[in-house]
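Here's the structure, in structure tokens; my notes come after.
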Amino acid sequence: MIDNRLRKIKNHEIDDSLSELTDTEVLLNFQRAITSLYPHLIRIHAHAYESWDDIVIPLFYEMVYKTFSFKYGIEIMADEAHPFLFTLRYYEGIHHIQCLPKSSSFQGILDNQKFSVNKENLEGKKLIFKSFGDSINCLTMGLDSQDAHAVHFNLVEVDVVCAQSNKRIGIDGCTTFFIHKDDVEFEFVAETFNQKLQK
């Protein structure tokens, strides 16, 4: 955990059994859960549009942020945490998850096209977790049932953020892209909630 809170206090019950779980394991547990759940949603036509959002956003909060609450002893309210799928103007004054590349260079993916990202591209920047997906299918926008069987959640969607201002910026004009889940570690970033920054 990266603790950026103004007052670093414990204000939530701690479950000691969660101390063995890394932040990465918490995120990948959620990724496996939606991978298992998704075929069942196709069958009842709840695999896209508002149905998908209504299922996955609260599930992410319960499986990820609530786990961090019990792991770190920090009260995390839903409206004080970066929601799954959402892009924010600022990644400051709100709990969020940072993605840390495992190597100095890796493959970025956008619209199923691969491109190289290296240490120089990331200088002065942070990668913030946004969602799991496949870089092709935007489930929020909708998807025909016959195409839904090709969907997978092996990629991590990230927003590129300035390390100083915490505002979104780009790498060669690209502010959002995907990385394979095996190429990053995840780290929870605790923040003191700032309503003004989130308007």
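Quick note on naming: the chains in the structure tokens go A, B, ... in the order shown, residues restart at 1 in each chain, and ligands are numbered from 1 in order of appearance.
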
Residues of region 2-199 of chain A in alpha helix (DSSP H), written as a PDB file with C-alpha atoms, in the first residue's frame:
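Result saved to result_21.pdb:
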ATOM      1  CA  ASP A  23      -2.565  -6.169  -3.400  1.00  0.00           C
ATOM      2  CA  THR A  24      -1.851  -7.910  -6.713  1.00  0.00           C
ATOM      3  CA  GLU A  25      -3.492 -11.120  -5.483  1.00  0.00           C
ATOM      4  CA  VAL A  26      -6.586  -9.162  -4.420  1.00  0.00           C
ATOM      5  CA  LEU A  27      -6.949  -7.660  -7.916  1.00  0.00           C
ATOM      6  CA  LEU A  28      -6.286 -10.942  -9.715  1.00  0.00           C
ATOM      7  CA  ASN A  29      -8.836 -12.682  -7.487  1.00  0.00           C
ATOM      8  CA  PHE A  30     -11.424 -10.208  -8.803  1.00  0.00           C
ATOM      9  CA  GLN A  31     -10.207 -10.789 -12.380  1.00  0.00           C
ATOM     10  CA  ARG A  32     -10.716 -14.538 -11.990  1.00  0.00           C
ATOM     11  CA  ALA A  33     -14.164 -13.935 -10.489  1.00  0.00           C
ATOM     12  CA  ILE A  34     -15.444 -11.894 -13.459  1.00  0.00           C
ATOM     13  CA  THR A  35     -13.861 -14.368 -15.879  1.00  0.00           C
ATOM     14  CA  SER A  36     -15.891 -17.147 -14.225  1.00  0.00           C
ATOM     15  CA  LEU A  37     -19.058 -15.061 -13.927  1.00  0.00           C
ATOM     16  CA  TYR A  38     -19.178 -13.624 -17.447  1.00  0.00           C
ATOM     17  CA  PRO A  39     -20.462 -16.721 -19.340  1.00  0.00           C
ATOM     18  CA  HIS A  40     -23.429 -16.878 -16.958  1.00  0.00           C
ATOM     19  CA  LEU A  41     -24.231 -13.224 -17.682  1.00  0.00           C
ATOM     20  CA  ILE A  42     -24.280 -13.884 -21.436  1.00  0.00           C
ATOM     21  CA  ARG A  43     -26.969 -16.482 -20.961  1.00  0.00           C
ATOM     22  CA  TYR A  49     -24.809  -2.086 -21.254  1.00  0.00           C
ATOM     23  CA  GLU A  50     -26.166  -0.958 -17.865  1.00  0.00           C
ATOM     24  CA  SER A  51     -26.559  -4.541 -16.634  1.00  0.00           C
ATOM     25  CA  TRP A  52     -22.806  -5.125 -16.840  1.00  0.00           C
ATOM     26  CA  ASP A  53     -22.054  -1.835 -15.063  1.00  0.00           C
ATOM     27  CA  ASP A  54     -24.647  -2.497 -12.357  1.00  0.00           C
ATOM     28  CA  ILE A  55     -23.100  -5.893 -11.602  1.00  0.00           C
ATOM     29  CA  VAL A  56     -19.374  -5.299 -11.951  1.00  0.00           C
ATOM     30  CA  ILE A  57     -18.947  -1.852 -10.323  1.00  0.00           C
ATOM     31  CA  PRO A  58     -20.357  -2.795  -6.882  1.00  0.00           C
ATOM     32  CA  LEU A  59     -18.702  -6.230  -7.131  1.00  0.00           C
ATOM     33  CA  PHE A  60     -15.319  -4.545  -7.601  1.00  0.00           C
ATOM     34  CA  LYS A  66     -13.605  -3.776   1.089  1.00  0.00           C
ATOM     35  CA  THR A  67     -10.796  -6.342   1.188  1.00  0.00           C
ATOM     36  CA  PHE A  68      -8.294  -3.480   1.460  1.00  0.00           C
ATOM     37  CA  SER A  69     -10.379  -2.036   4.323  1.00  0.00           C
ATOM     38  CA  PHE A  70     -10.015  -5.269   6.302  1.00  0.00           C
ATOM     39  CA  LYS A  71      -6.393  -5.775   5.217  1.00  0.00           C
ATOM     40  CA  TYR A  72      -5.107  -2.296   6.117  1.00  0.00           C
ATOM     41  CA  SER A 145     -24.646 -12.022 -27.577  1.00  0.00           C
ATOM     42  CA  GLN A 146     -22.953 -13.887 -30.435  1.00  0.00           C
ATOM     43  CA  ASP A 147     -19.798 -11.742 -30.005  1.00  0.00           C
ATOM     44  CA  ALA A 148     -19.754 -11.983 -26.218  1.00  0.00           C
TER      45      ALA A 148
END

Quick one: contact table of region 33-108 of chain A to region 166-182 of chain A, 6 Å max, nearest atom pair and distance in Å to one decimal per residue, counting only C-alpha atoms, chain and number order, as a tab-separated table?
residue	atom	partner	partner_atom	distance
A:Arg89	CA	A:Lys167	CA	6.0
A:Tyr90	CA	A:Lys167	CA	4.8
A:Tyr91	CA	A:Asn166	CA	5.2
A:Gly108	CA	A:Ile179	CA	5.2

message = Residues near His96 (chain A), anyone? I mean within 8 Å using only C-alpha atoms, not counting same-chain ones fewer than 3 positions away, as a list in words.
response = Ala81, His82, Tyr91, Ile128, Phe129, Phe188, Val189, Ala190 and Glu191 of chain A

Same residues, C-alpha atoms, saved as an mmCIF file, in the first residue's frame:
data_model
loop_
_atom_site.group_PDB
_atom_site.id
_atom_site.type_symbol
_atom_site.label_atom_id
_atom_site.label_comp_id
_atom_site.auth_asym_id
_atom_site.auth_seq_id
_atom_site.Cartn_x
_atom_site.Cartn_y
_atom_site.Cartn_z
ATOM 1 C CA ALA A 81 -12.847 5.201 -4.083
ATOM 2 C CA HIS A 82 -12.121 5.235 -7.813
ATOM 3 C CA TYR A 91 -6.161 10.780 -9.231
ATOM 4 C CA ILE A 128 -3.581 3.949 -12.707
ATOM 5 C CA PHE A 129 -5.803 0.861 -12.816
ATOM 6 C CA PHE A 188 -3.523 0.188 -3.388
ATOM 7 C CA VAL A 189 -3.091 3.955 -2.914
ATOM 8 C CA ALA A 190 -4.874 5.327 0.166
ATOM 9 C CA GLU A 191 -5.856 9.007 -0.016
#

key: Surrounding residues of Gln113 (chain A) excluding itself and chain neighbours under 6 positions, 10 Å, only C-alpha atoms, as a list in words   =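 Near neighbours after the sequence-gap exclusion: Gln107, Ser135, Ile136 and Phe178 of chain A.
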
With C-alpha atoms retained, export the selected residues as a PDB file, in the first residue's frame.
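Saved file again_5.pdb follows:
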ATOM      1  CA  GLN A 107       3.858  -4.129 -24.657  1.00  0.00           C
ATOM      2  CA  SER A 135      -8.937  -3.934 -25.614  1.00  0.00           C
ATOM      3  CA  ILE A 136     -11.560  -4.677 -28.289  1.00  0.00           C
ATOM      4  CA  PHE A 178      -4.084  -1.901 -22.001  1.00  0.00           C
TER       5      PHE A 178
END

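Shortest separation to Glu123 (chain A) among A:Gln164, A:Phe106, A:Asn154, A:Gln98 occurs at residue A:Gln164, atoms counted being only C-alpha atoms.
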
task = Write down as a PyMOL selection string the residues of chain A whose backbone DSSP state falls under strand (DSSP E).
result = chain A and resi 2-3+96-101+105-110+113-118+125-133+155-162+176-180+184-190

Residue selection dump (C-alpha atoms) as a short mmCIF file (atom, residue, chain, number, x, y, z; two decimals), in the first residue's frame:
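Full text of selection_39.cif as output:
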data_model
loop_
_atom_site.label_atom_id
_atom_site.label_comp_id
_atom_site.auth_asym_id
_atom_site.auth_seq_id
_atom_site.Cartn_x
_atom_site.Cartn_y
_atom_site.Cartn_z
CA ILE A 2 1.03 3.58 -0.69
CA ASP A 3 -0.41 5.72 2.12
CA HIS A 96 -7.24 4.24 -6.23
CA ILE A 97 -4.93 1.49 -7.48
CA GLN A 98 -1.60 2.04 -9.15
CA CYS A 99 -0.10 -0.37 -11.70
CA LEU A 100 3.64 -0.98 -11.47
CA PRO A 101 5.25 -2.56 -14.56
CA SER A 105 9.84 -2.19 -21.15
CA PHE A 106 6.59 -3.93 -22.03
CA GLN A 107 3.86 -4.13 -24.66
CA GLY A 108 0.99 -1.66 -24.56
CA ILE A 109 -2.20 -2.56 -26.44
CA LEU A 110 -4.89 -0.32 -27.90
CA GLN A 113 -2.66 -3.13 -31.78
CA LYS A 114 0.57 -3.59 -29.81
CA PHE A 115 3.17 -0.90 -29.20
CA SER A 116 6.29 -0.66 -27.05
CA VAL A 117 6.39 1.23 -23.77
CA ASN A 118 9.72 1.80 -22.05
CA LYS A 125 4.15 9.39 -15.15
CA LYS A 126 2.08 6.83 -13.22
CA LEU A 127 -0.23 4.11 -14.51
CA ILE A 128 -3.58 3.95 -12.71
CA PHE A 129 -5.80 0.86 -12.82
CA LYS A 130 -9.13 1.39 -14.57
CA SER A 131 -10.53 -2.06 -15.47
CA PHE A 132 -9.91 -5.55 -16.80
CA GLY A 133 -10.85 -6.21 -20.43
CA LEU A 155 -5.67 -7.25 -20.03
CA VAL A 156 -5.49 -4.34 -17.61
CA GLU A 157 -6.84 -0.97 -18.75
CA VAL A 158 -4.78 1.91 -17.33
CA ASP A 159 -4.95 5.69 -17.34
CA VAL A 160 -1.65 7.55 -17.78
CA VAL A 161 -1.28 10.19 -15.07
CA CYS A 162 1.30 12.90 -14.36
CA THR A 176 -5.54 5.15 -21.85
CA PHE A 177 -4.29 1.76 -23.00
CA PHE A 178 -4.08 -1.90 -22.00
CA ILE A 179 -1.28 -4.05 -20.56
CA HIS A 180 -1.29 -7.81 -20.05
CA VAL A 184 2.14 -5.49 -13.82
CA GLU A 185 1.89 -5.52 -10.05
CA PHE A 186 -0.97 -3.69 -8.35
CA GLU A 187 -0.69 -1.40 -5.34
CA PHE A 188 -3.52 0.19 -3.39
CA VAL A 189 -3.09 3.95 -2.91
CA ALA A 190 -4.87 5.33 0.17
#

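CA of Ser104 (chain A) to CA of Asn121 (chain A) spans 9.9 Å [interatomic distance, one decimal].
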
Polymer residues at most 8 Å from Tyr61 (chain A), only C-alpha atoms, same-chain spacing of 6 or more positions, as a PDB file with C-alpha atoms, in the first residue's frame:
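File written: result-v1.pdb
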ATOM      1  CA  ALA A  78     -17.715   3.610  -2.070  1.00  0.00           C
ATOM      2  CA  PRO A  83     -14.891   3.110  -9.386  1.00  0.00           C
ATOM      3  CA  PHE A  84     -14.158   0.246 -11.767  1.00  0.00           C
TER       4      PHE A  84
END

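Distances to Lys8 (chain A) were evaluated for A:Asn137, A:Thr22, A:Thr87, A:Thr192 using only C-alpha atoms, and the minimum falls at A:Thr192.
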
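Note that the spacing between CA of His95 (chain A) and CA of Glu20 (chain A) amounts to 21.3 Å.
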